[in-house]
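Asker: First, the structure itself, so that you have it in front of you.
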Amino acid sequence: MSTVQILWQTMIGACLMLAAIQWLARSSNKAAPWVTLLALSIAGIAAGELAAMYAPTPEYFGRTVRWIHLPIYTAFVAIVGFVDWSFGTGRRWLGTLALSVRMVCLAMNFWFYPNLNHEKILGLREIHFLGSSVKVADAVFSQRTRLAEASTLLLLVFAFDASLRLWSKGDPDSKRRALLMGGGVVIFIATALLQGVLIHTGTVPMPYLISLPFCLLLAAMGYESSRDLKRSAAMAATLRENAESMQLAANTARIAFWQWNIADNSISMDPRGRQLYGVPAQAIVTLDDFLATLHPDDREPTRRELDAAVKGDGSFHANYRVVVPAEARHWIEARGKVEYDPHHKPLRMRTVSIDVTERQMMHERFRLSVDSSPNGVVLANAEGSILLTNQRADEMFGFAPGELLGQSADLLVPERHRRASGNSRPGFQKAPRALGMSGGRERFARRKDGSEFPVEISITPVESPEGILILSVIVDISARREAEAEARRHRDELAHVTRVTTLSELSGSLAHELNQPLAIILANAQAAQRMLAQSPPDLVEVKEILSDIVDEDRRAGEVIQRLRALLKRGETQMLPVSFNDIVTQVLHLTHTDLLGRGVTVSTDLADDLPLVSGDRVQLQQILLNLVLNAAEATMEKPGGSRHVVISTSEKDGIVRLAVRDSGIGLPEDIERLFEPFYTTKAQGLGMGLAICRSIVAAHGGRLRAEPHAEGGAVFHLDIPATVQEQA
Ligand code: ADP
């Protein structure tokens, strides 16, 4: 076998092999079909060339050349296709033009005898080529060959232009491809063109050797294509890795994927989905099968959501329970997106479903604990719209279960407070903090029927994905308020009884207090009678006597007035009062009694003493009690050393009334004095100090006793001053 035969047959074999390899790789590499076509075309051309080199007759030679044009045409198609697909920068019209001209050449080739290039083949001549003797034709060449050369030129321009444009993209990969591929295509076409011209002009007698430069180009294209092949193999590996890590993440997050293929109404699922929905592997699932895995109550709502997604904007969101046999119930939250074709026909819906059982259980536990709370619970969002209420809250406010949801929380607040609560909300949003019961204030809430009731409210901000929510716990304190009022009534009652008892102690001296003016009045009246009996009567004297009578009568009247005030049974009335006035009034009532017992009372009253808010009668009662106790304590002391000092003072907004005595002093456990029924007196009730302390507490003050340094005891009564100063 000659060198030429070996060479050409090797070339044909290599081309066929490459074609086969590329064809097999066509699924992962889009350039492969073009490389396959080019390889087949070159094998065809090479076979034709070989046949021509060993042609027995001129006719055979002519026919062979004619058939060579067919693979040349397909090679053109392959080059244009490859450049267009792989570069993406070719001007299509140029490629199409080159192909069209070549098509015309092909048609002419088969129309004219013997072929496109030859007008007439005169004979065959043997020449030496690569150490073998091969045939070339002595022929008259046709002008039609120019058209073929033009088509090759067009192909050259097309490839050159596309390479240039690829190069100008600037990135290294584009440049490399432009140089290798573009350069290869251009050199090949240029060589082929030059060779054709040389043969057809008869300048150099040689056989057709188009397949050789074609082979170079094929090598370049094959190299490029296998690079793509390698790249796509690497990409496939990365994709696989990504898919695996996604599956891993999905497994960890307990996410399952399912897809509704709308055309055939089937559902496909990933393995996790099959596990979650209890669907056996390989089983074909329809939408109905899928819905049957859900809790019966959730099937229709889910179907409705699916329909709405397809007909609406394509978004699907649903919460449902999956009841997998022999397994616990799962709560699922699913979100999906419908994909449409260009005519908006729904194709499929891809869905991600997340197992939210734990979250749901927490919700239910929260719900349970809220429902079992003895207090009303209301959860509202930043806008004040109610998101949740418990049964107690519904009952408390007189609403049906669920009726409050979505309503404004303002509905539960009396109208006069609404502005305040509404205004405070944005501020609360900015600086959320928990507020204790009512934030220290008494509040009122409003029932559905408009009636109001006293409440204590604790407010807690709760962070949530929807922003800060406000959780209010409401306690209806009407019952407590009533109990407090009842206790107050009892205390007033008891205070009254104690007062009456205390006053009864004074009755002797009070009688004296009244007797004195009455005796004076009587003496004066008798004196006046005598004066009037004289003639002439001393009217000036009578006038003076009458004026004395009026004065004494007023004194007696005042005593009675004060007694009546103290004996009156009445409700507590908090008004601004002066401690100094209280001292004066109490001393008026007691001074005769004290005097009779040999007790001297002195006062040390502060000027400009601020007023306190209090019930005059009750404060008088306290002082009366303290003064009488003090006098009592001095009884064991010899006459002349029985002193009681009453003083008033003010410090840091607290007004103080102190009663000091020179008596026997206090027992060791001072606090016992304030216990009810503690007494050391034979006639004592033991209620005085206990009542005094509860009255003082109701005034927001304090009553304490302590031993005095110089012997005896001192009692301090402290009450906060009212804001307004004494006039
Ligand atoms: P009562 O006067 O009916 O005994 P109180 O509650 O007013 O009831 O007084 C309780 C007891 O406290 C008195 O019995 C007395 O022992 C003691 N006590 C009250 N004031 C003084 C005082 N100034 N000095 C010493 N002991 C006092």
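Residues are named by chain letter and number: chains run A, B, ... in the order of the structure tokens, numbers start at 1 in each chain, and ligands are numbered from 1 in the order shown.
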Within 8 Å of ligand 1, which residues show up when you count only C-alpha atoms and all ligand atoms? List them as a CSV table (one decimal) with all heavy atoms, in the first residue's frame, please.
Answerer:
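Result written to out.csv:
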```csv
chain,number,residue,atom,x,y,z
A,625,ASN,N,-57.7,60.6,120.7
A,625,ASN,CA,-57.2,59.3,121.2
A,625,ASN,C,-55.8,59.4,121.8
A,625,ASN,O,-55.5,59.0,122.9
A,625,ASN,CB,-57.2,58.3,120.1
A,625,ASN,CG,-57.6,56.9,120.6
A,625,ASN,OD1,-58.8,56.6,120.7
A,625,ASN,ND2,-56.6,56.1,120.9
A,626,LEU,N,-54.9,60.1,121.0
A,626,LEU,CA,-53.5,60.2,121.4
A,626,LEU,C,-53.4,61.0,122.7
A,626,LEU,O,-52.7,60.7,123.6
A,626,LEU,CB,-52.7,60.8,120.3
A,626,LEU,CG,-52.6,59.9,119.0
A,626,LEU,CD1,-51.7,60.7,118.0
A,626,LEU,CD2,-52.0,58.6,119.3
A,627,VAL,N,-54.2,62.1,122.7
A,627,VAL,CA,-54.1,63.0,123.8
A,627,VAL,C,-54.7,62.4,125.1
A,627,VAL,O,-54.0,62.4,126.2
A,627,VAL,CB,-54.9,64.4,123.5
A,627,VAL,CG1,-55.0,65.2,124.8
A,627,VAL,CG2,-54.2,65.1,122.4
A,628,LEU,N,-55.8,61.7,125.0
A,628,LEU,CA,-56.4,61.0,126.2
A,628,LEU,C,-55.4,59.9,126.7
A,628,LEU,O,-55.2,59.7,127.9
A,628,LEU,CB,-57.7,60.5,125.9
A,628,LEU,CG,-58.8,61.5,125.6
A,628,LEU,CD1,-60.2,60.9,125.3
A,628,LEU,CD2,-58.9,62.5,126.8
A,629,ASN,N,-54.8,59.1,125.7
A,629,ASN,CA,-53.9,58.1,126.1
A,629,ASN,C,-52.7,58.7,126.8
A,629,ASN,O,-52.2,58.1,127.8
A,629,ASN,CB,-53.3,57.3,124.9
A,629,ASN,CG,-54.3,56.2,124.4
A,629,ASN,OD1,-55.2,55.8,125.2
A,629,ASN,ND2,-54.0,55.6,123.3
A,630,ALA,N,-52.2,59.8,126.3
A,630,ALA,CA,-51.0,60.5,126.9
A,630,ALA,C,-51.4,60.9,128.3
A,630,ALA,O,-50.6,60.7,129.2
A,630,ALA,CB,-50.7,61.7,126.0
A,631,ALA,N,-52.6,61.5,128.5
A,631,ALA,CA,-53.0,62.0,129.8
A,631,ALA,C,-53.0,60.8,130.7
A,631,ALA,O,-52.5,60.9,131.9
A,631,ALA,CB,-54.3,62.7,129.7
A,632,GLU,N,-53.6,59.8,130.2
A,632,GLU,CA,-53.8,58.5,131.0
A,632,GLU,C,-52.4,58.0,131.5
A,632,GLU,O,-52.3,57.6,132.7
A,632,GLU,CB,-54.4,57.5,130.2
A,632,GLU,CG,-54.9,56.3,130.9
A,632,GLU,CD,-56.3,56.5,131.4
A,632,GLU,OE1,-57.1,57.3,130.8
A,632,GLU,OE2,-56.7,55.9,132.4
A,633,ALA,N,-51.4,58.1,130.6
A,633,ALA,CA,-50.1,57.5,130.9
A,633,ALA,C,-49.4,58.4,132.0
A,633,ALA,O,-48.5,57.9,132.7
A,633,ALA,CB,-49.2,57.5,129.6
A,634,THR,N,-49.8,59.6,132.2
A,634,THR,CA,-49.1,60.5,133.2
A,634,THR,C,-49.8,60.3,134.6
A,634,THR,O,-49.3,60.9,135.5
A,634,THR,CB,-49.2,62.0,132.8
A,634,THR,OG1,-50.5,62.3,132.7
A,634,THR,CG2,-48.5,62.2,131.4
A,660,ARG,N,-46.4,64.2,122.8
A,660,ARG,CA,-45.4,63.7,123.7
A,660,ARG,C,-46.0,63.8,125.1
A,660,ARG,O,-46.7,64.7,125.4
A,660,ARG,CB,-44.1,64.5,123.6
A,660,ARG,CG,-43.0,64.1,124.5
A,660,ARG,CD,-41.7,64.6,123.9
A,660,ARG,NE,-41.5,66.0,124.0
A,660,ARG,CZ,-41.1,66.7,125.1
A,660,ARG,NH1,-40.8,66.0,126.2
A,660,ARG,NH2,-40.9,68.0,125.1
A,661,ASP,N,-45.6,62.8,125.9
A,661,ASP,CA,-46.1,62.9,127.3
A,661,ASP,C,-44.9,62.5,128.3
A,661,ASP,O,-43.9,62.0,127.8
A,661,ASP,CB,-47.3,61.9,127.5
A,661,ASP,CG,-46.9,60.5,127.3
A,661,ASP,OD1,-46.0,60.0,128.1
A,661,ASP,OD2,-47.4,59.8,126.3
A,663,GLY,N,-45.3,60.4,130.7
A,663,GLY,CA,-45.9,59.3,131.4
A,663,GLY,C,-45.0,58.2,131.7
A,663,GLY,O,-43.8,58.3,131.8
A,664,ILE,N,-45.6,57.0,131.9
A,664,ILE,CA,-44.9,55.8,132.3
A,664,ILE,C,-44.0,55.2,131.2
A,664,ILE,O,-43.2,54.3,131.5
A,664,ILE,CB,-45.9,54.7,132.8
A,664,ILE,CG1,-47.0,54.6,131.8
A,664,ILE,CG2,-46.4,55.1,134.2
A,664,ILE,CD1,-47.8,53.3,131.9
A,665,GLY,N,-44.3,55.6,130.0
A,665,GLY,CA,-43.4,55.1,128.9
A,665,GLY,C,-44.1,53.9,128.3
A,665,GLY,O,-45.1,53.4,128.8
A,666,LEU,N,-43.4,53.4,127.2
A,666,LEU,CA,-44.0,52.3,126.4
A,666,LEU,C,-43.5,50.9,126.8
A,666,LEU,O,-42.4,50.8,127.3
A,666,LEU,CB,-43.7,52.6,124.9
A,666,LEU,CG,-44.2,53.9,124.4
A,666,LEU,CD1,-43.6,54.2,123.0
A,666,LEU,CD2,-45.7,53.8,124.3
A,667,PRO,N,-44.3,49.9,126.5
A,667,PRO,CA,-43.7,48.6,126.7
A,667,PRO,C,-42.6,48.3,125.7
A,667,PRO,O,-42.5,49.0,124.7
A,667,PRO,CB,-44.9,47.7,126.5
A,667,PRO,CG,-45.9,48.4,125.6
A,667,PRO,CD,-45.6,49.9,126.0
A,672,ARG,N,-47.1,46.0,119.6
A,672,ARG,CA,-48.3,45.4,120.2
A,672,ARG,C,-49.4,46.4,120.5
A,672,ARG,O,-50.6,46.1,120.5
A,672,ARG,CB,-47.9,44.7,121.5
A,672,ARG,CG,-47.1,43.4,121.2
A,672,ARG,CD,-47.2,42.5,122.4
A,672,ARG,NE,-48.6,42.0,122.7
A,672,ARG,CZ,-49.0,41.4,123.8
A,672,ARG,NH1,-48.1,41.2,124.7
A,672,ARG,NH2,-50.2,41.0,124.0
A,673,LEU,N,-49.0,47.7,120.8
A,673,LEU,CA,-49.9,48.7,121.1
A,673,LEU,C,-51.0,48.9,120.0
A,673,LEU,O,-52.1,49.2,120.3
A,673,LEU,CB,-49.3,50.1,121.3
A,673,LEU,CG,-48.1,50.2,122.3
A,673,LEU,CD1,-47.7,51.7,122.4
A,673,LEU,CD2,-48.5,49.7,123.6
A,674,PHE,N,-50.5,48.6,118.8
A,674,PHE,CA,-51.4,48.8,117.7
A,674,PHE,C,-52.3,47.6,117.3
A,674,PHE,O,-53.1,47.7,116.4
A,674,PHE,CB,-50.6,49.3,116.4
A,674,PHE,CG,-49.9,50.5,116.7
A,674,PHE,CD1,-48.6,50.6,117.1
A,674,PHE,CD2,-50.5,51.8,116.5
A,674,PHE,CE1,-47.9,51.8,117.3
A,674,PHE,CE2,-49.9,53.0,116.7
A,674,PHE,CZ,-48.5,53.0,117.1
A,675,GLU,N,-52.1,46.5,118.1
A,675,GLU,CA,-52.9,45.4,117.8
A,675,GLU,C,-54.3,45.6,118.4
A,675,GLU,O,-54.4,46.2,119.5
A,675,GLU,CB,-52.3,44.1,118.4
A,675,GLU,CG,-51.1,43.6,117.6
A,675,GLU,CD,-50.4,42.5,118.4
A,675,GLU,OE1,-50.9,42.0,119.4
A,675,GLU,OE2,-49.2,42.2,117.9
A,676,PRO,N,-55.4,45.1,117.7
A,676,PRO,CA,-56.7,45.3,118.3
A,676,PRO,C,-56.8,44.6,119.6
A,676,PRO,O,-56.2,43.5,119.8
A,676,PRO,CB,-57.6,44.7,117.3
A,676,PRO,CG,-56.8,44.5,116.0
A,676,PRO,CD,-55.4,44.5,116.4
A,677,PHE,N,-57.6,45.1,120.5
A,677,PHE,CA,-57.9,44.6,121.8
A,677,PHE,C,-56.7,44.5,122.8
A,677,PHE,O,-56.7,43.9,123.8
A,677,PHE,CB,-58.5,43.2,121.7
A,677,PHE,CG,-59.7,43.2,120.8
A,677,PHE,CD1,-59.7,42.4,119.7
A,677,PHE,CD2,-60.8,44.0,121.1
A,677,PHE,CE1,-60.8,42.4,118.8
A,677,PHE,CE2,-61.9,44.0,120.2
A,677,PHE,CZ,-61.9,43.2,119.1
A,678,TYR,N,-55.6,45.2,122.4
A,678,TYR,CA,-54.5,45.3,123.4
A,678,TYR,C,-54.7,46.5,124.3
A,678,TYR,O,-54.8,47.6,123.8
A,678,TYR,CB,-53.1,45.4,122.7
A,678,TYR,CG,-52.0,45.6,123.6
A,678,TYR,CD1,-51.4,44.5,124.3
A,678,TYR,CD2,-51.5,46.9,123.9
A,678,TYR,CE1,-50.4,44.7,125.2
A,678,TYR,CE2,-50.5,47.1,124.8
A,678,TYR,CZ,-49.9,46.0,125.5
A,678,TYR,OH,-48.9,46.2,126.4
A,679,THR,N,-54.9,46.2,125.6
A,679,THR,CA,-55.1,47.3,126.5
A,679,THR,C,-54.5,47.0,127.8
A,679,THR,O,-54.4,45.8,128.2
A,679,THR,CB,-56.6,47.6,126.6
A,679,THR,OG1,-56.7,48.7,127.5
A,679,THR,CG2,-57.4,46.5,127.1
A,680,THR,N,-54.1,48.0,128.6
A,680,THR,CA,-53.6,47.7,130.0
A,680,THR,C,-54.5,48.4,130.9
A,680,THR,O,-54.2,48.5,132.1
A,680,THR,CB,-52.2,48.3,130.1
A,680,THR,OG1,-52.2,49.7,129.7
A,680,THR,CG2,-51.2,47.5,129.3
A,681,LYS,N,-55.6,49.0,130.4
A,681,LYS,CA,-56.6,49.7,131.2
A,681,LYS,C,-57.7,48.8,131.6
A,681,LYS,O,-58.2,48.0,130.8
A,681,LYS,CB,-57.1,51.0,130.5
A,681,LYS,CG,-55.9,51.9,130.1
A,681,LYS,CD,-56.5,52.9,129.1
A,681,LYS,CE,-55.3,53.6,128.4
A,681,LYS,NZ,-55.7,54.4,127.3
A,683,GLN,N,-60.8,49.7,132.1
A,683,GLN,CA,-62.0,50.0,131.3
A,683,GLN,C,-61.7,50.0,129.8
A,683,GLN,O,-62.5,50.4,129.0
A,683,GLN,CB,-62.6,51.3,131.7
A,683,GLN,CG,-62.9,51.5,133.2
A,683,GLN,CD,-64.0,50.5,133.6
A,683,GLN,OE1,-65.0,50.3,132.9
A,683,GLN,NE2,-63.7,49.9,134.7
A,684,GLY,N,-60.5,49.7,129.5
A,684,GLY,CA,-60.0,49.9,128.1
A,684,GLY,C,-60.6,48.9,127.1
A,684,GLY,O,-61.0,47.8,127.4
A,685,LEU,N,-60.8,49.4,125.8
A,685,LEU,CA,-61.3,48.6,124.7
A,685,LEU,C,-60.1,48.0,124.0
A,685,LEU,O,-60.3,46.9,123.4
A,685,LEU,CB,-62.1,49.5,123.8
A,685,LEU,CG,-63.6,49.3,123.7
A,685,LEU,CD1,-64.2,50.2,122.7
A,685,LEU,CD2,-64.0,47.9,123.5
A,686,GLY,N,-59.1,48.7,123.9
A,686,GLY,CA,-57.9,48.2,123.2
A,686,GLY,C,-58.1,48.4,121.7
A,686,GLY,O,-57.3,47.8,120.9
A,687,MET,N,-59.0,49.2,121.2
A,687,MET,CA,-59.2,49.4,119.8
A,687,MET,C,-58.7,50.7,119.3
A,687,MET,O,-58.5,50.9,118.1
A,687,MET,CB,-60.7,49.3,119.5
A,687,MET,CG,-61.3,47.9,119.5
A,687,MET,SD,-60.5,46.8,118.4
A,687,MET,CE,-61.0,47.6,116.8
A,688,GLY,N,-58.5,51.7,120.2
A,688,GLY,CA,-58.1,53.0,119.8
A,688,GLY,C,-57.0,53.1,118.8
A,688,GLY,O,-57.1,53.6,117.7
A,689,LEU,N,-55.8,52.6,119.2
A,689,LEU,CA,-54.6,52.8,118.4
A,689,LEU,C,-54.8,51.9,117.1
A,689,LEU,O,-54.3,52.4,116.0
A,689,LEU,CB,-53.4,52.3,119.1
A,689,LEU,CG,-52.9,53.3,120.2
A,689,LEU,CD1,-51.7,52.8,121.0
A,689,LEU,CD2,-52.6,54.7,119.6
A,690,ALA,N,-55.4,50.8,117.2
A,690,ALA,CA,-55.6,49.9,116.0
A,690,ALA,C,-56.4,50.7,115.0
A,690,ALA,O,-56.1,50.8,113.8
A,690,ALA,CB,-56.3,48.6,116.4
A,691,ILE,N,-57.5,51.3,115.4
A,691,ILE,CA,-58.4,52.1,114.5
A,691,ILE,C,-57.6,53.3,114.0
A,691,ILE,O,-57.6,53.6,112.8
A,691,ILE,CB,-59.6,52.7,115.3
A,691,ILE,CG1,-60.6,51.5,115.6
A,691,ILE,CG2,-60.3,53.7,114.5
A,691,ILE,CD1,-61.3,51.0,114.5
A,712,GLY,N,-41.3,58.9,129.2
A,712,GLY,CA,-42.6,59.1,128.5
A,712,GLY,C,-42.5,58.6,127.1
A,712,GLY,O,-41.5,58.0,126.7
A,713,ALA,N,-43.6,58.8,126.4
A,713,ALA,CA,-43.7,58.3,125.0
A,713,ALA,C,-44.0,59.5,124.1
A,713,ALA,O,-44.5,60.5,124.5
A,713,ALA,CB,-44.8,57.3,124.9
A,714,VAL,N,-43.7,59.2,122.8
A,714,VAL,CA,-44.0,60.2,121.8
A,714,VAL,C,-44.7,59.4,120.6
A,714,VAL,O,-44.1,58.4,120.2
A,714,VAL,CB,-42.9,61.1,121.4
A,714,VAL,CG1,-41.7,60.3,120.9
A,714,VAL,CG2,-43.3,62.1,120.3
A,715,PHE,N,-45.8,59.9,120.2
A,715,PHE,CA,-46.5,59.3,119.0
A,715,PHE,C,-46.4,60.3,117.8
A,715,PHE,O,-46.7,61.5,118.0
A,715,PHE,CB,-48.0,59.1,119.3
A,715,PHE,CG,-48.2,57.9,120.2
A,715,PHE,CD1,-47.9,57.9,121.5
A,715,PHE,CD2,-48.7,56.7,119.6
A,715,PHE,CE1,-48.1,56.7,122.3
A,715,PHE,CE2,-48.9,55.6,120.4
A,715,PHE,CZ,-48.6,55.6,121.7
```
Asker: Just list as a PyMOL selection string whatever in range 440-568 of chain A DSSP marks as strand (DSSP E or B).
Answerer: chain A and resi 443-446+452-464+467-476
Asker: Using N, CA and C atoms, can you write the selected residues to a file as an mmCIF file, in the first residue's frame?
Answerer:
```cif
data_model
loop_
_atom_site.group_PDB
_atom_site.id
_atom_site.type_symbol
_atom_site.label_atom_id
_atom_site.label_comp_id
_atom_site.auth_asym_id
_atom_site.auth_seq_id
_atom_site.Cartn_x
_atom_site.Cartn_y
_atom_site.Cartn_z
ATOM 1 N N ARG A 443 -57.679 51.709 86.128
ATOM 2 C CA ARG A 443 -58.257 51.914 84.809
ATOM 3 C C ARG A 443 -59.649 51.337 84.755
ATOM 4 N N PHE A 444 -60.351 51.801 83.746
ATOM 5 C CA PHE A 444 -61.675 51.253 83.521
ATOM 6 C C PHE A 444 -61.725 50.630 82.140
ATOM 7 N N ALA A 445 -62.461 49.537 82.034
ATOM 8 C CA ALA A 445 -62.645 48.906 80.733
ATOM 9 C C ALA A 445 -64.124 49.003 80.385
ATOM 10 N N ARG A 446 -64.397 48.777 79.075
ATOM 11 C CA ARG A 446 -65.758 48.987 78.603
ATOM 12 C C ARG A 446 -66.290 47.683 78.040
ATOM 13 N N GLU A 452 -69.133 50.193 82.184
ATOM 14 C CA GLU A 452 -67.700 50.192 82.512
ATOM 15 C C GLU A 452 -67.446 49.394 83.775
ATOM 16 N N PHE A 453 -66.239 48.880 83.904
ATOM 17 C CA PHE A 453 -65.870 48.176 85.126
ATOM 18 C C PHE A 453 -64.388 48.405 85.405
ATOM 19 N N PRO A 454 -64.025 48.418 86.721
ATOM 20 C CA PRO A 454 -62.626 48.705 87.044
ATOM 21 C C PRO A 454 -61.748 47.489 86.748
ATOM 22 N N VAL A 455 -60.551 47.746 86.227
ATOM 23 C CA VAL A 455 -59.646 46.655 85.872
ATOM 24 C C VAL A 455 -58.226 46.986 86.286
ATOM 25 N N GLU A 456 -57.445 45.941 86.367
ATOM 26 C CA GLU A 456 -55.993 46.113 86.437
ATOM 27 C C GLU A 456 -55.454 45.462 85.182
ATOM 28 N N ILE A 457 -54.514 46.124 84.527
ATOM 29 C CA ILE A 457 -53.999 45.591 83.267
ATOM 30 C C ILE A 457 -52.493 45.487 83.353
ATOM 31 N N SER A 458 -51.953 44.339 82.936
ATOM 32 C CA SER A 458 -50.500 44.300 82.765
ATOM 33 C C SER A 458 -50.229 44.131 81.280
ATOM 34 N N ILE A 459 -49.275 44.908 80.786
ATOM 35 C CA ILE A 459 -49.009 44.923 79.348
ATOM 36 C C ILE A 459 -47.589 44.442 79.106
ATOM 37 N N THR A 460 -47.447 43.470 78.208
ATOM 38 C CA THR A 460 -46.112 42.934 77.904
ATOM 39 C C THR A 460 -45.899 42.980 76.404
ATOM 40 N N PRO A 461 -44.791 43.565 75.934
ATOM 41 C CA PRO A 461 -44.507 43.521 74.503
ATOM 42 C C PRO A 461 -43.949 42.150 74.128
ATOM 43 N N VAL A 462 -44.381 41.638 72.999
ATOM 44 C CA VAL A 462 -43.914 40.326 72.552
ATOM 45 C C VAL A 462 -43.316 40.488 71.165
ATOM 46 N N GLU A 463 -42.058 40.092 71.012
ATOM 47 C CA GLU A 463 -41.407 40.172 69.699
ATOM 48 C C GLU A 463 -41.948 39.043 68.835
ATOM 49 N N SER A 464 -42.289 39.358 67.593
ATOM 50 C CA SER A 464 -42.769 38.301 66.696
ATOM 51 C C SER A 464 -42.342 38.667 65.279
ATOM 52 N N GLY A 467 -43.633 41.812 63.838
ATOM 53 C CA GLY A 467 -43.376 43.042 64.582
ATOM 54 C C GLY A 467 -43.733 42.815 66.039
ATOM 55 N N ILE A 468 -43.785 43.930 66.764
ATOM 56 C CA ILE A 468 -44.032 43.790 68.197
ATOM 57 C C ILE A 468 -45.536 43.654 68.447
ATOM 58 N N LEU A 469 -45.883 42.642 69.202
ATOM 59 C CA LEU A 469 -47.293 42.446 69.562
ATOM 60 C C LEU A 469 -47.451 42.839 71.031
ATOM 61 N N ILE A 470 -48.688 43.197 71.383
ATOM 62 C CA ILE A 470 -48.922 43.646 72.751
ATOM 63 C C ILE A 470 -49.855 42.661 73.438
ATOM 64 N N LEU A 471 -49.318 42.063 74.484
ATOM 65 C CA LEU A 471 -50.096 41.072 75.225
ATOM 66 C C LEU A 471 -50.623 41.746 76.490
ATOM 67 N N SER A 472 -51.947 41.840 76.612
ATOM 68 C CA SER A 472 -52.525 42.472 77.799
ATOM 69 C C SER A 472 -53.231 41.422 78.636
ATOM 70 N N VAL A 473 -52.900 41.421 79.914
ATOM 71 C CA VAL A 473 -53.603 40.531 80.844
ATOM 72 C C VAL A 473 -54.499 41.426 81.697
ATOM 73 N N ILE A 474 -55.804 41.122 81.676
ATOM 74 C CA ILE A 474 -56.764 42.027 82.302
ATOM 75 C C ILE A 474 -57.452 41.324 83.470
ATOM 76 N N VAL A 475 -57.445 41.987 84.616
ATOM 77 C CA VAL A 475 -58.112 41.422 85.792
ATOM 78 C C VAL A 475 -59.293 42.323 86.132
ATOM 79 N N ASP A 476 -60.461 41.726 86.203
ATOM 80 C CA ASP A 476 -61.664 42.470 86.578
ATOM 81 C C ASP A 476 -61.624 42.640 88.093
#
```
Asker: If we count only C-alpha atoms, what is near range 160-176 of chain A at a cut-off of 12 Å, once residues fewer than 5 positions away on the same chain are taken out, given as a PyMOL selection string?
Answerer: chain A and resi 79-80+82-95+153-155+181-190+220+224+227-228
Asker: Write out as JSON, numbers by chain which residues come within 7 Å of His643 in chain A when counting only C-alpha atoms, dropping same-chain ones fewer than 3 positions away.
Answerer: {"A": [599, 600, 601, 661, 662]}
Asker: Using only C-alpha atoms, what table do you get, as CSV, when you list each residue of range 287-329 of chain A with an atom no more than 9 Å from range 262-282 of chain A, its nearest pair of atoms, and their distance in Å rounded to one decimal, rows by chain then rising number?
Answerer:
```
residue,atom,partner,partner_atom,distance
A:Leu287,CA,A:Ser266,CA,5.7
A:Asp288,CA,A:Asn265,CA,8.7
A:Asp289,CA,A:Ile267,CA,8.8
A:Phe290,CA,A:Ile267,CA,7.3
A:Thr293,CA,A:Tyr277,CA,6.3
A:Leu294,CA,A:Tyr277,CA,8.3
A:Val322,CA,A:Tyr277,CA,6.7
A:Val323,CA,A:Tyr277,CA,8.0
A:Val324,CA,A:Gly278,CA,5.7
A:Pro325,CA,A:Gly278,CA,7.7
```
Asker: Using only C-alpha atoms, which residues sit within 12 Å of Ser226 in chain A once same-chain residues fewer than 5 positions away are excluded, as a list in words?
Answerer: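 Counting only C-alpha atoms, the residues come to Leu18, Ile21, Gln22, Trp23, Leu24, Ala25, Arg26, Ser28, Asn29, Lys30, Ala31, Ala32, Val35, Leu218, Ala219, Ala220, Met221, Arg231, Ser232 and Ala233 of chain A.
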Asker: Can I get the selected residues back with C-alpha atoms, as a short mmCIF file (atom, residue, chain, number, x, y, z; two decimals), in the first residue's frame?
Answerer:
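The result, stored in part_16.cif:
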```
data_model
loop_
_atom_site.label_atom_id
_atom_site.label_comp_id
_atom_site.auth_asym_id
_atom_site.auth_seq_id
_atom_site.Cartn_x
_atom_site.Cartn_y
_atom_site.Cartn_z
CA LEU A 18 -14.12 11.42 16.10
CA ILE A 21 -17.21 10.08 19.87
CA GLN A 22 -18.74 13.49 19.34
CA TRP A 23 -22.10 11.98 18.47
CA LEU A 24 -22.13 10.04 21.70
CA ALA A 25 -21.40 13.22 23.64
CA ARG A 26 -24.11 15.25 21.90
CA SER A 28 -23.99 17.09 27.15
CA ASN A 29 -22.37 19.28 24.50
CA LYS A 30 -24.39 21.28 22.05
CA ALA A 31 -21.39 21.79 19.69
CA ALA A 32 -20.95 18.03 19.25
CA VAL A 35 -18.25 18.53 14.95
CA LEU A 218 -11.44 19.48 12.75
CA ALA A 219 -8.67 19.02 15.30
CA ALA A 220 -9.21 22.58 16.55
CA MET A 221 -12.99 22.14 16.72
CA ARG A 231 -16.49 21.75 31.43
CA SER A 232 -20.01 20.42 31.28
CA ALA A 233 -18.88 17.24 33.01
#
```
Asker: Let me make sure I understand: among A:Ala409, A:Leu229, A:Val4, A:Val140, which one has the smallest atom-to-atom distance to Lys120 in chain A if we use only C-alpha atoms?
Answerer: A:Val140
Asker: Report, in Å to a single decimal, how far apart CA of Leu717 in chain A and CA of Val659 in chain A are.
Answerer: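 Result for CA of Val659 in chain A versus CA of Leu717 in chain A: 8.6 Å, one decimal.
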Asker: One decimal, in Å: what's the spacing between CA of Ser315 in chain A and CA of Glu333 in chain A?
Answerer: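 We find that CA of Ser315 in chain A and CA of Glu333 in chain A lie 13.6 Å from each other.
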Asker: Which residues come within 7 Å of Glu126 in chain A, counting only C-alpha atoms, excluding same-chain residues fewer than 6 positions away, as a ChimeraX atom specification?
Answerer: /A:133-136
